[in-house]
$ cat work.pdb   # PDB, C-alpha atoms
MODEL        1
ATOM      1  CA  MET H1134      -5.273 -59.147  35.815
ATOM      2  CA  LEU H1135      -2.964 -60.729  33.264
ATOM      3  CA  VAL H1136      -0.581 -58.438  31.377
ATOM      4  CA  LEU H1137       0.677 -60.376  28.360
ATOM      5  CA  SER H1138       3.265 -59.111  25.871
ATOM      6  CA  ILE H1139       3.134 -60.626  22.385
ATOM      7  CA  SER H1140       6.646 -60.419  20.975
ATOM      8  CA  SER H1141       9.019 -61.542  18.273
ATOM      9  CA  LEU H1142      12.578 -60.590  17.483
ATOM     10  CA  LYS H1143      11.964 -61.344  13.814
ATOM     11  CA  GLY H1144       9.531 -59.435  11.627
ATOM     12  CA  GLY H1145       6.943 -61.066   9.421
ATOM     13  CA  VAL H1146       5.978 -63.986  11.664
ATOM     14  CA  GLY H1147       2.432 -62.754  12.356
ATOM     15  CA  LYS H1148       2.892 -61.234  15.811
ATOM     16  CA  THR H1149       0.082 -58.716  15.276
ATOM     17  CA  SER H1150      -2.190 -61.442  13.882
ATOM     18  CA  VAL H1151      -1.726 -63.374  17.109
ATOM     19  CA  THR H1152      -2.502 -60.263  19.158
ATOM     20  CA  LEU H1153      -5.730 -59.751  17.213
ATOM     21  CA  GLY H1154      -6.643 -63.422  17.507
ATOM     22  CA  LEU H1155      -6.249 -63.368  21.285
ATOM     23  CA  ALA H1156      -8.200 -60.106  21.471
ATOM     24  CA  SER H1157     -10.974 -61.741  19.432
ATOM     25  CA  ALA H1158     -11.063 -64.734  21.775
ATOM     26  CA  ALA H1159     -11.267 -62.475  24.826
ATOM     27  CA  TYR H1160     -13.951 -60.298  23.223
ATOM     28  CA  ASN H1161     -15.987 -63.345  22.227
ATOM     29  CA  ARG H1162     -15.866 -64.547  25.826
ATOM     30  CA  GLY H1163     -16.778 -61.181  27.315
ATOM     31  CA  ILE H1164     -13.445 -60.681  29.113
ATOM     32  CA  PRO H1165     -12.722 -56.970  29.744
ATOM     33  CA  THR H1166      -9.562 -56.407  27.719
ATOM     34  CA  LEU H1167      -7.176 -53.565  26.940
ATOM     35  CA  VAL H1168      -4.873 -53.776  23.915
ATOM     36  CA  VAL H1169      -1.764 -51.580  24.071
ATOM     37  CA  ASP H1170      -0.204 -51.021  20.646
ATOM     38  CA  MET H1171       3.504 -50.449  21.293
ATOM     39  CA  ASP H1172       4.549 -51.037  17.684
ATOM     40  CA  PRO H1173       5.193 -47.741  15.844
ATOM     41  CA  GLN H1174       3.631 -49.324  12.749
ATOM     42  CA  ALA H1175       0.317 -49.406  14.669
ATOM     43  CA  ASP H1176      -1.028 -52.442  12.797
ATOM     44  CA  SER H1177      -2.967 -53.714  15.815
ATOM     45  CA  SER H1178      -4.776 -50.395  16.041
ATOM     46  CA  THR H1179      -5.789 -50.690  12.390
ATOM     47  CA  GLY H1180      -6.954 -54.281  12.851
ATOM     48  CA  LEU H1181      -9.021 -53.248  15.876
ATOM     49  CA  ASP H1182     -10.663 -50.493  13.809
ATOM     50  CA  VAL H1183      -9.106 -47.620  15.773
ATOM     51  CA  PRO H1184      -7.792 -44.570  13.896
ATOM     52  CA  THR H1185      -4.013 -44.265  13.969
ATOM     53  CA  SER H1186      -4.314 -40.479  13.997
ATOM     54  CA  THR H1187      -5.915 -40.162  17.413
ATOM     55  CA  ARG H1188      -5.195 -37.003  19.383
ATOM     56  CA  VAL H1189      -3.654 -38.952  22.271
ATOM     57  CA  ASP H1190      -1.802 -42.245  21.758
ATOM     58  CA  ILE H1191       0.837 -44.508  23.261
ATOM     59  CA  ALA H1192       3.584 -41.926  22.696
ATOM     60  CA  ASP H1193       1.732 -39.454  24.933
ATOM     61  CA  VAL H1194       1.174 -42.139  27.567
ATOM     62  CA  LEU H1195       4.883 -42.970  27.661
ATOM     63  CA  ALA H1196       5.758 -39.280  27.837
ATOM     64  CA  ALA H1197       3.433 -38.674  30.795
ATOM     65  CA  PRO H1198       2.499 -42.025  32.372
ATOM     66  CA  LYS H1199       1.220 -40.436  35.584
ATOM     67  CA  SER H1200      -1.162 -37.972  33.918
ATOM     68  CA  GLN H1201      -4.681 -39.208  34.545
ATOM     69  CA  LYS H1202      -6.051 -36.836  31.914
ATOM     70  CA  ILE H1203      -3.784 -38.210  29.182
ATOM     71  CA  LEU H1204      -4.441 -41.789  30.232
ATOM     72  CA  SER H1205      -8.211 -41.357  30.128
ATOM     73  CA  GLU H1206      -8.062 -39.707  26.698
ATOM     74  CA  ALA H1207      -5.711 -42.351  25.301
ATOM     75  CA  ILE H1208      -8.096 -45.254  25.916
ATOM     76  CA  LEU H1209     -10.582 -45.759  23.094
ATOM     77  CA  PRO H1210     -13.143 -48.484  22.410
ATOM     78  CA  SER H1211     -12.275 -50.847  19.602
ATOM     79  CA  GLY H1212     -14.340 -50.455  16.473
ATOM     80  CA  TRP H1213     -15.350 -54.081  17.047
ATOM     81  CA  VAL H1214     -17.582 -52.984  19.946
ATOM     82  CA  GLY H1215     -18.808 -49.614  18.684
ATOM     83  CA  GLU H1216     -18.947 -47.007  21.428
ATOM     84  CA  LYS H1217     -19.006 -49.432  24.347
ATOM     85  CA  MET H1218     -16.076 -48.683  26.646
ATOM     86  CA  GLY H1219     -14.575 -51.269  28.961
ATOM     87  CA  HIS H1220     -15.232 -54.406  26.905
ATOM     88  CA  LEU H1221     -12.408 -54.201  24.364
ATOM     89  CA  ASP H1222     -10.390 -50.988  24.577
ATOM     90  CA  VAL H1223      -7.241 -49.830  22.821
ATOM     91  CA  ILE H1224      -4.352 -47.452  23.388
ATOM     92  CA  SER H1225      -3.469 -46.781  19.790
ATOM     93  CA  GLY H1226       0.005 -47.030  18.355
ATOM     94  CA  SER H1227       1.934 -44.129  16.890
ATOM     95  CA  PRO H1228       5.071 -43.580  14.791
ATOM     96  CA  ARG H1229       6.045 -41.055  17.464
ATOM     97  CA  ALA H1230       6.578 -43.943  19.883
ATOM     98  CA  ALA H1231       9.825 -44.677  18.026
ATOM     99  CA  GLU H1232      11.503 -41.950  20.088
ATOM    100  CA  PHE H1233      11.229 -44.317  23.079
ATOM    101  CA  ASP H1234      12.748 -47.229  21.153
ATOM    102  CA  ARG H1235      16.353 -46.415  21.969
ATOM    103  CA  PRO H1236      18.608 -49.414  22.720
ATOM    104  CA  SER H1237      19.553 -48.079  26.131
ATOM    105  CA  LEU H1238      16.937 -46.678  28.503
ATOM    106  CA  SER H1239      17.157 -46.114  32.230
ATOM    107  CA  GLU H1240      15.151 -48.279  34.608
ATOM    108  CA  ARG H1241      12.947 -45.260  35.270
ATOM    109  CA  TYR H1242      12.009 -45.099  31.585
ATOM    110  CA  LEU H1243      11.427 -48.847  31.419
ATOM    111  CA  ARG H1244       8.852 -48.549  34.226
ATOM    112  CA  ARG H1245       6.732 -45.959  32.407
ATOM    113  CA  LEU H1246       4.174 -48.330  30.939
ATOM    114  CA  ASP H1247       3.951 -50.199  34.234
ATOM    115  CA  ASP H1248       3.281 -46.883  35.975
ATOM    116  CA  ALA H1249       0.499 -46.138  33.507
ATOM    117  CA  LEU H1250      -1.134 -49.563  33.738
ATOM    118  CA  THR H1251      -1.318 -49.415  37.523
ATOM    119  CA  ARG H1252      -3.517 -46.327  37.089
ATOM    120  CA  ILE H1253      -5.818 -47.499  34.301
ATOM    121  CA  ALA H1254      -6.029 -51.272  34.264
ATOM    122  CA  LYS H1255      -8.105 -51.989  37.368
ATOM    123  CA  GLY H1256     -11.221 -52.563  35.299
ATOM    124  CA  TYR H1257      -9.568 -55.068  32.951
ATOM    125  CA  ARG H1258      -9.044 -58.797  33.286
ATOM    126  CA  LEU H1259      -6.553 -58.927  30.423
ATOM    127  CA  VAL H1260      -4.008 -56.518  28.922
ATOM    128  CA  LEU H1261      -2.436 -57.481  25.586
ATOM    129  CA  ILE H1262       0.678 -55.570  24.489
ATOM    130  CA  ASP H1263       1.680 -55.778  20.828
ATOM    131  CA  CYS H1264       5.453 -55.214  20.841
ATOM    132  CA  PRO H1265       7.748 -54.105  18.000
ATOM    133  CA  PRO H1266       9.798 -56.872  16.332
ATOM    134  CA  SER H1267      13.000 -55.802  18.068
ATOM    135  CA  LEU H1268      14.655 -55.768  21.487
ATOM    136  CA  ASN H1269      15.033 -52.042  22.004
ATOM    137  CA  GLY H1270      13.365 -49.718  24.476
ATOM    138  CA  LEU H1271       9.705 -50.261  23.558
ATOM    139  CA  THR H1272       9.834 -54.042  23.864
ATOM    140  CA  ARG H1273      11.753 -53.903  27.128
ATOM    141  CA  THR H1274       9.299 -51.313  28.451
ATOM    142  CA  ALA H1275       6.413 -53.638  27.563
ATOM    143  CA  TRP H1276       8.109 -56.633  29.174
ATOM    144  CA  SER H1277       8.818 -54.634  32.334
ATOM    145  CA  ALA H1278       5.054 -54.082  32.681
ATOM    146  CA  SER H1279       4.118 -57.704  31.929
ATOM    147  CA  SER H1280       3.685 -60.862  33.939
ATOM    148  CA  ARG H1281       3.900 -63.063  30.844
ATOM    149  CA  VAL H1282       5.514 -62.862  27.407
ATOM    150  CA  ALA H1283       4.412 -64.958  24.443
ATOM    151  CA  VAL H1284       7.009 -65.289  21.706
ATOM    152  CA  VAL H1285       5.528 -65.691  18.223
ATOM    153  CA  THR H1286       7.567 -67.698  15.775
ATOM    154  CA  GLU H1287       7.133 -69.685  12.585
ATOM    155  CA  PRO H1288       8.636 -73.036  11.571
ATOM    156  CA  SER H1289      11.779 -71.756   9.859
ATOM    157  CA  LEU H1290      15.472 -71.819  10.767
ATOM    158  CA  PHE H1291      15.851 -68.080  11.364
ATOM    159  CA  SER H1292      12.627 -67.835  13.363
ATOM    160  CA  VAL H1293      13.731 -70.634  15.691
ATOM    161  CA  ALA H1294      16.976 -68.773  16.377
ATOM    162  CA  ALA H1295      15.064 -65.524  17.008
ATOM    163  CA  ALA H1296      12.730 -67.289  19.438
ATOM    164  CA  ASP H1297      15.735 -68.579  21.377
ATOM    165  CA  ARG H1298      17.132 -65.037  21.610
ATOM    166  CA  ALA H1299      13.787 -63.671  22.773
ATOM    167  CA  LEU H1300      13.445 -66.196  25.592
ATOM    168  CA  ARG H1301      17.006 -65.519  26.729
ATOM    169  CA  ALA H1302      16.428 -61.768  26.634
ATOM    170  CA  ALA H1303      13.242 -62.081  28.701
ATOM    171  CA  ASP H1304      15.078 -64.180  31.283
ATOM    172  CA  GLU H1305      17.879 -61.612  31.448
ATOM    173  CA  LEU H1306      15.397 -58.769  31.977
ATOM    174  CA  ARG H1307      13.671 -60.753  34.721
ATOM    175  CA  GLN H1308      16.973 -61.219  36.528
ATOM    176  CA  ARG H1309      17.721 -57.508  36.196
ATOM    177  CA  GLY H1310      14.576 -56.367  37.923
ATOM    178  CA  ALA H1311      11.386 -57.410  36.065
ATOM    179  CA  SER H1312      10.791 -60.101  38.665
ATOM    180  CA  ASP H1313       7.190 -60.847  37.643
ATOM    181  CA  LEU H1314       8.072 -61.603  34.029
ATOM    182  CA  GLN H1315       7.800 -65.242  32.965
ATOM    183  CA  PRO H1316       7.579 -66.848  29.512
ATOM    184  CA  LEU H1317       4.132 -68.043  28.541
ATOM    185  CA  GLY H1318       5.830 -69.937  25.727
ATOM    186  CA  LEU H1319       6.271 -70.073  21.971
ATOM    187  CA  ILE H1320       3.275 -69.665  19.666
ATOM    188  CA  VAL H1321       4.113 -71.344  16.355
ATOM    189  CA  ASN H1322       2.298 -69.456  13.608
ATOM    190  CA  ARG H1323       1.721 -69.897   9.873
ATOM    191  CA  VAL H1324       2.097 -73.665   9.849
ATOM    192  CA  ARG H1325       1.388 -75.310   6.494
ATOM    193  CA  ALA H1326      -0.193 -78.749   6.651
ATOM    194  CA  GLY H1327       1.847 -81.414   4.898
ATOM    195  CA  SER H1328       5.074 -79.385   4.872
ATOM    196  CA  THR H1329       8.036 -81.606   5.742
ATOM    197  CA  GLU H1330      10.149 -78.559   6.595
ATOM    198  CA  HIS H1331       7.509 -77.211   8.961
ATOM    199  CA  ASP H1332       7.100 -80.574  10.664
ATOM    200  CA  TYR H1333      10.877 -80.781  11.099
ATOM    201  CA  ARG H1334      11.160 -77.281  12.583
ATOM    202  CA  ILE H1335       8.292 -77.825  15.005
ATOM    203  CA  GLN H1336       9.904 -81.030  16.232
ATOM    204  CA  GLU H1337      13.210 -79.152  16.533
ATOM    205  CA  MET H1338      11.541 -76.516  18.701
ATOM    206  CA  ARG H1339       9.979 -79.167  20.914
ATOM    207  CA  GLU H1340      13.398 -80.730  21.445
ATOM    208  CA  MET H1341      14.934 -77.329  22.250
ATOM    209  CA  PHE H1342      12.197 -75.757  24.365
ATOM    210  CA  GLY H1343      10.090 -78.659  25.601
ATOM    211  CA  PRO H1344       6.722 -77.649  27.086
ATOM    212  CA  LEU H1345       7.308 -73.992  26.224
ATOM    213  CA  VAL H1346       6.155 -74.822  22.676
ATOM    214  CA  LEU H1347       2.450 -74.141  23.019
ATOM    215  CA  ASN H1348      -0.351 -76.140  21.480
ATOM    216  CA  PRO H1349      -2.012 -75.853  19.111
ATOM    217  CA  PRO H1350       0.250 -74.506  16.362
ATOM    218  CA  LEU H1351      -1.604 -71.936  14.276
ATOM    219  CA  ALA H1352      -2.307 -73.037  10.729
ATOM    220  CA  GLU H1353      -1.740 -70.674   7.835
ATOM    221  CA  ARG H1354      -5.240 -69.711   6.746
ATOM    222  CA  ALA H1355      -6.445 -66.989   4.370
ATOM    223  CA  VAL H1356      -9.420 -66.243   6.622
ATOM    224  CA  MET H1357      -7.120 -64.621   9.166
ATOM    225  CA  GLN H1358      -5.933 -62.039   6.636
ATOM    226  CA  GLN H1359      -9.479 -61.580   5.363
ATOM    227  CA  SER H1360     -10.911 -60.813   8.797
ATOM    228  CA  GLN H1361      -8.043 -58.444   9.585
ATOM    229  CA  GLY H1362      -8.499 -56.653   6.271
ATOM    230  CA  SER H1363     -12.137 -56.093   7.180
ATOM    231  CA  ALA H1364     -11.236 -55.038  10.744
ATOM    232  CA  ARG H1365     -13.420 -57.803  12.165
ATOM    233  CA  PRO H1366     -12.694 -60.386  14.890
ATOM    234  CA  ILE H1367     -11.920 -63.861  13.605
ATOM    235  CA  HIS H1368     -14.649 -65.257  15.873
ATOM    236  CA  SER H1369     -17.283 -63.392  13.848
ATOM    237  CA  TRP H1370     -15.971 -64.467  10.424
ATOM    238  CA  PRO H1371     -18.168 -67.048   8.675
ATOM    239  CA  GLY H1372     -17.109 -70.520   7.618
ATOM    240  CA  LYS H1373     -15.509 -73.624   9.091
ATOM    241  CA  PRO H1374     -11.877 -72.492   8.495
ATOM    242  CA  ALA H1375     -12.535 -69.386  10.600
ATOM    243  CA  GLU H1376     -14.135 -71.524  13.305
ATOM    244  CA  GLU H1377     -11.034 -73.710  13.440
ATOM    245  CA  VAL H1378      -8.700 -70.717  13.704
ATOM    246  CA  ALA H1379     -10.909 -69.156  16.386
ATOM    247  CA  ALA H1380     -10.894 -72.414  18.368
ATOM    248  CA  SER H1381      -7.080 -72.408  18.340
ATOM    249  CA  PHE H1382      -7.004 -68.917  19.817
ATOM    250  CA  ASP H1383      -9.529 -69.989  22.461
ATOM    251  CA  VAL H1384      -7.112 -72.710  23.592
ATOM    252  CA  LEU H1385      -4.160 -70.293  23.683
ATOM    253  CA  LEU H1386      -6.184 -67.757  25.670
ATOM    254  CA  ASP H1387      -7.150 -70.458  28.163
ATOM    255  CA  ARG H1388      -3.476 -71.333  28.577
ATOM    256  CA  ALA H1389      -2.581 -67.693  29.218
ATOM    257  CA  LEU H1390      -5.344 -67.151  31.774
ATOM    258  CA  ARG H1391      -4.523 -70.423  33.493
ATOM    259  CA  SER H1392      -0.868 -69.440  33.805
ATOM    260  CA  GLU H1393      -1.851 -66.256  35.620
ATOM    261  CA  SER H1394      -4.095 -68.191  37.993
ATOM    262  CA  ILE H1395      -1.202 -70.519  38.794
ATOM    263  CA  ARG H1396       1.096 -67.557  39.411
ATOM    264  CA  SER H1397      -1.456 -65.949  41.734
ATOM    265  CA  ARG H1398      -1.842 -69.126  43.797
ATOM    266  CA  ARG H1399       1.925 -69.465  44.119
ATOM    267  CA  SER H1400       2.532 -65.849  45.146
ATOM    268  CA  PRO H1401       3.937 -65.789  48.694
ATOM    269  CA  LYS H1402       1.790 -64.331  51.423
ATOM    270  CA  LYS H1403       3.057 -61.197  53.074
ATOM    271  CA  ASP H1404       3.768 -62.891  56.393
ATOM    272  CA  SER H1405       7.142 -62.393  57.990
ATOM    273  CA  ASP H1406       7.320 -66.043  58.999
ATOM    274  CA  LYS H1407       6.833 -67.405  55.494
ATOM    275  CA  ALA H1408       9.662 -67.655  53.023
ATOM    276  CA  PRO H1409       8.904 -66.844  49.381
ATOM    277  CA  GLU H1410       8.480 -69.796  47.089
ATOM    278  CA  LYS H1411      10.932 -70.185  44.264
ATOM    279  CA  LYS H1412       9.369 -69.280  40.926
ATOM    280  CA  SER H1413       9.648 -71.620  38.006
ATOM    281  CA  SER H1414      10.765 -70.221  34.674
ATOM    282  CA  GLY H1415       7.986 -71.926  32.702
ATOM    283  CA  GLY H1416       4.844 -70.052  31.743
ATOM    284  CA  ASP H1417       2.466 -72.715  33.080
ATOM    285  CA  GLY H1418       4.506 -74.234  35.851
ATOM    286  CA  ALA H1419       6.861 -75.968  33.410
ATOM    287  CA  GLU H1420      10.596 -75.748  33.522
ATOM    288  CA  ALA H1421      11.877 -73.477  30.755
ATOM    289  CA  LYS H1422      14.541 -74.808  28.410
ATOM    290  CA  THR H1423      16.620 -72.421  26.348
ATOM    291  CA  PRO H1424      19.726 -74.283  25.238
ATOM    292  CA  ALA H1425      22.550 -72.438  23.615
ATOM    293  CA  GLY H1426      22.717 -74.421  20.395
ATOM    294  CA  GLN H1427      20.239 -75.334  17.739
ATOM    295  CA  LYS H1428      20.046 -78.089  15.180
ATOM    296  CA  SER H1429      20.350 -77.509  11.490
ATOM    297  CA  GLY H1430      17.481 -78.514   9.277
ATOM    298  CA  LYS H1431      17.352 -80.142   5.935
TER
ENDMDL
END
$ encode --input "work.pdb" --output "structure tokens"
Amino acid sequence: MLVLSISSLKGGVGKTSVTLGLASAAYNRGIPTLVVDMDPQADSSTGLDVPTSTRVDIADVLAAPKSQKILSEAILPSGWVGEKMGHLDVISGSPRAAEFDRPSLSERYLRRLDDALTRIAKGYRLVLIDCPPSLNGLTRTAWSASSRVAVVTEPSLFSVAAADRALRAADELRQRGASDLQPLGLIVNRVRAGSTEHDYRIQEMREMFGPLVLNPPLAERAVMQQSQGSARPIHSWPGKPAEEVAASFDVLLDRALRSESIRSRRSPKKDSDKAPEKKSSGGDGAEAKTPAGQKSGK
């Protein structure tokens, strides 16, 4: 099972759109998937056609992560699949989750989502966590439950800086106890074809972060907003532009699933005579690069 957090430390870069695109790719492929909406704005829940006024939501799960009754009631099928449980399920977001978004939480609090997922996620191949666009308690709680974190960015100066901060913060959390957490990489979103500025910023990111900049970049397309507005998966939206966007998410999903397979093969066996292998900091076996400085653009 892959637990993947989709994060950004800057709002407005399309983090939720990426979550929905990956969910669509998994659904299209028949991969049992759970989406956990940790963002108090609950936009992923809306895009997955789940009411944001459900009786039990992520706030209740975080308040009582060991309650099997609450956990079972919190999981709902996405409106994409009708009433079919287990194919694409959702724990809906809630404004009440903001009470867990304090800057400083104890390690016990940060383990709450991990505690919950160990009880409910056995039937899933993939768990996608849509994080708030900040580095407070909810994001750190999500990262503590994850094996991979994908940082969504866009080709702009401020987004590049925010991506650098996010990778550094994930590495710091890993060193402080979230030992399974590794960066999947940077997903560059909302790229405009023919934009000199965008081309420059993407090249800048490749120089800064190397193989952590994932391919393909996601083009800015109106079909993504149209499918989300209709609460439909991008893979079911008609037209060639939608097919191209869907194909990009298929590639990114393959990269994520492959990274988990690599991690599983490299996990040390529980034999007393075998020393653990040193983990790399790259999401797919690559060496992570998070330099302190960044270049200015034109």
$ resolve_selection --input "work.pdb" --expression "the PyMOL selection byres ((chain H and resi 1366) around 12)" --output "mmCIF file with C-alpha atoms, in the coordinates of the input"
data_model
loop_
_atom_site.group_PDB
_atom_site.id
_atom_site.type_symbol
_atom_site.label_atom_id
_atom_site.label_comp_id
_atom_site.auth_asym_id
_atom_site.auth_seq_id
_atom_site.Cartn_x
_atom_site.Cartn_y
_atom_site.Cartn_z
ATOM 1 C CA SER H 1150 -2.190 -61.442 13.882
ATOM 2 C CA VAL H 1151 -1.726 -63.374 17.109
ATOM 3 C CA THR H 1152 -2.502 -60.263 19.158
ATOM 4 C CA LEU H 1153 -5.730 -59.751 17.213
ATOM 5 C CA GLY H 1154 -6.643 -63.422 17.507
ATOM 6 C CA LEU H 1155 -6.249 -63.368 21.285
ATOM 7 C CA ALA H 1156 -8.200 -60.106 21.471
ATOM 8 C CA SER H 1157 -10.974 -61.741 19.432
ATOM 9 C CA ALA H 1158 -11.063 -64.734 21.775
ATOM 10 C CA ALA H 1159 -11.267 -62.475 24.826
ATOM 11 C CA TYR H 1160 -13.951 -60.298 23.223
ATOM 12 C CA ASN H 1161 -15.987 -63.345 22.227
ATOM 13 C CA SER H 1177 -2.967 -53.714 15.815
ATOM 14 C CA GLY H 1180 -6.954 -54.281 12.851
ATOM 15 C CA LEU H 1181 -9.021 -53.248 15.876
ATOM 16 C CA ASP H 1182 -10.663 -50.493 13.809
ATOM 17 C CA SER H 1211 -12.275 -50.847 19.602
ATOM 18 C CA GLY H 1212 -14.340 -50.455 16.473
ATOM 19 C CA TRP H 1213 -15.350 -54.081 17.047
ATOM 20 C CA VAL H 1214 -17.582 -52.984 19.946
ATOM 21 C CA LEU H 1221 -12.408 -54.201 24.364
ATOM 22 C CA VAL H 1356 -9.420 -66.243 6.622
ATOM 23 C CA MET H 1357 -7.120 -64.621 9.166
ATOM 24 C CA GLN H 1358 -5.933 -62.039 6.636
ATOM 25 C CA GLN H 1359 -9.479 -61.580 5.363
ATOM 26 C CA SER H 1360 -10.911 -60.813 8.797
ATOM 27 C CA GLN H 1361 -8.043 -58.444 9.585
ATOM 28 C CA GLY H 1362 -8.499 -56.653 6.271
ATOM 29 C CA SER H 1363 -12.137 -56.093 7.180
ATOM 30 C CA ALA H 1364 -11.236 -55.038 10.744
ATOM 31 C CA ARG H 1365 -13.420 -57.803 12.165
ATOM 32 C CA ILE H 1367 -11.920 -63.861 13.605
ATOM 33 C CA HIS H 1368 -14.649 -65.257 15.873
ATOM 34 C CA SER H 1369 -17.283 -63.392 13.848
ATOM 35 C CA TRP H 1370 -15.971 -64.467 10.424
ATOM 36 C CA PRO H 1371 -18.168 -67.048 8.675
ATOM 37 C CA ALA H 1375 -12.535 -69.386 10.600
ATOM 38 C CA GLU H 1376 -14.135 -71.524 13.305
ATOM 39 C CA VAL H 1378 -8.700 -70.717 13.704
ATOM 40 C CA ALA H 1379 -10.909 -69.156 16.386
ATOM 41 C CA PHE H 1382 -7.004 -68.917 19.817
#
$ resolve_selection --input "work.pdb" --expression "the PyMOL selection byres ((chain H and resi 1241-1245) around 9)" --output "mmCIF file with C-alpha atoms, keeping the file's coordinate frame"
data_model
loop_
_atom_site.group_PDB
_atom_site.id
_atom_site.type_symbol
_atom_site.label_atom_id
_atom_site.label_comp_id
_atom_site.auth_asym_id
_atom_site.auth_seq_id
_atom_site.Cartn_x
_atom_site.Cartn_y
_atom_site.Cartn_z
ATOM 1 C CA VAL H 1194 1.174 -42.139 27.567
ATOM 2 C CA LEU H 1195 4.883 -42.970 27.661
ATOM 3 C CA ALA H 1196 5.758 -39.280 27.837
ATOM 4 C CA ALA H 1197 3.433 -38.674 30.795
ATOM 5 C CA PRO H 1198 2.499 -42.025 32.372
ATOM 6 C CA LYS H 1199 1.220 -40.436 35.584
ATOM 7 C CA PHE H 1233 11.229 -44.317 23.079
ATOM 8 C CA LEU H 1238 16.937 -46.678 28.503
ATOM 9 C CA SER H 1239 17.157 -46.114 32.230
ATOM 10 C CA GLU H 1240 15.151 -48.279 34.608
ATOM 11 C CA LEU H 1246 4.174 -48.330 30.939
ATOM 12 C CA ASP H 1247 3.951 -50.199 34.234
ATOM 13 C CA ASP H 1248 3.281 -46.883 35.975
ATOM 14 C CA ALA H 1249 0.499 -46.138 33.507
ATOM 15 C CA LEU H 1250 -1.134 -49.563 33.738
ATOM 16 C CA GLY H 1270 13.365 -49.718 24.476
ATOM 17 C CA LEU H 1271 9.705 -50.261 23.558
ATOM 18 C CA ARG H 1273 11.753 -53.903 27.128
ATOM 19 C CA THR H 1274 9.299 -51.313 28.451
ATOM 20 C CA ALA H 1275 6.413 -53.638 27.563
ATOM 21 C CA TRP H 1276 8.109 -56.633 29.174
ATOM 22 C CA SER H 1277 8.818 -54.634 32.334
ATOM 23 C CA ALA H 1278 5.054 -54.082 32.681
#
$ closest_residue --input "work.pdb" --among "H:Ala1192, H:Ala1294, H:Leu1319, H:Ile1208" --to "Ile1139 (chain H)" --atoms "all atoms listed in the file"
H:Leu1319
$ residues_around --input "work.pdb" --residues "Ser1178 (chain H)" --least-positions-apart "3" --cutoff "9 Å" --atoms "only C-alpha atoms" --output "JSON, numbers by chain"
{"H": [1168, 1169, 1170, 1175, 1181, 1182, 1183, 1184, 1185, 1211, 1223, 1224, 1225, 1226]}
$ atom_distance --input "work.pdb" --atom1 "CA of Pro1316 (chain H)" --atom2 "CA of Val1136 (chain H)"
11.9 Å
$ resolve_selection --input "work.pdb" --expression "the PyMOL selection byres ((chain H and resi 1325) around 10)" --output "PDB file with C-alpha atoms, keeping the file's coordinate frame"
ATOM      1  CA  PRO H1288       8.636 -73.036  11.571  1.00  0.00           C
ATOM      2  CA  ASN H1322       2.298 -69.456  13.608  1.00  0.00           C
ATOM      3  CA  ARG H1323       1.721 -69.897   9.873  1.00  0.00           C
ATOM      4  CA  VAL H1324       2.097 -73.665   9.849  1.00  0.00           C
ATOM      5  CA  ALA H1326      -0.193 -78.749   6.651  1.00  0.00           C
ATOM      6  CA  GLY H1327       1.847 -81.414   4.898  1.00  0.00           C
ATOM      7  CA  SER H1328       5.074 -79.385   4.872  1.00  0.00           C
ATOM      8  CA  THR H1329       8.036 -81.606   5.742  1.00  0.00           C
ATOM      9  CA  GLU H1330      10.149 -78.559   6.595  1.00  0.00           C
ATOM     10  CA  HIS H1331       7.509 -77.211   8.961  1.00  0.00           C
ATOM     11  CA  ASP H1332       7.100 -80.574  10.664  1.00  0.00           C
ATOM     12  CA  PRO H1350       0.250 -74.506  16.362  1.00  0.00           C
ATOM     13  CA  LEU H1351      -1.604 -71.936  14.276  1.00  0.00           C
ATOM     14  CA  ALA H1352      -2.307 -73.037  10.729  1.00  0.00           C
ATOM     15  CA  GLU H1353      -1.740 -70.674   7.835  1.00  0.00           C
ATOM     16  CA  ARG H1354      -5.240 -69.711   6.746  1.00  0.00           C
TER      17      ARG H1354
END
$ residues_around --input "work.pdb" --residues "Gly1318 (chain H)" --least-positions-apart "3" --cutoff "7 Å" --atoms "all atoms listed in the file" --output "list in words"
Ala1283, Val1284, Leu1345, Val1346, Leu1347 and Gly1416 of chain H
$ closest_residue --input "work.pdb" --among "H:Ala1207, H:Leu1268, H:Ile1253, H:Leu1314" --to "Thr1187 (chain H)" --atoms "all atoms listed in the file"
H:Ala1207
$ atom_distance --input "work.pdb" --atom1 "CA of Gln1201 (chain H)" --atom2 "CA of Pro1228 (chain H)"
22.5 Å
$ closest_residue --input "work.pdb" --among "H:Leu1290, H:Val1189, H:Ile1262, H:Met1134" --to "Arg1391 (chain H)" --atoms "only C-alpha atoms"
H:Met1134
$ atom_distance --input "work.pdb" --atom1 "CA of Leu1261 (chain H)" --atom2 "CA of Glu1287 (chain H)"
20.2 Å
$ closest_residue --input "work.pdb" --among "H:Leu1300, H:Leu1204, H:Val1321, H:Val1384" --to "Met1338 (chain H)" --atoms "all atoms listed in the file"
H:Val1321
$ axis_aligned_box --input "work.pdb" --around "region 1341-1356 of chain H" --padding-each-side "4 Å" --output "AutoDock Vina command-line options"
--center_x 2.8 --center_y -72.5 --center_z 15.7 --size_x 32.4 --size_y 20.4 --size_z 30.7
$ closest_residue --input "work.pdb" --among "H:Arg1162, H:Arg1229, H:Arg1258, H:Lys1217" --to "Asp1193 (chain H)" --atoms "all atoms listed in the file"
H:Arg1229
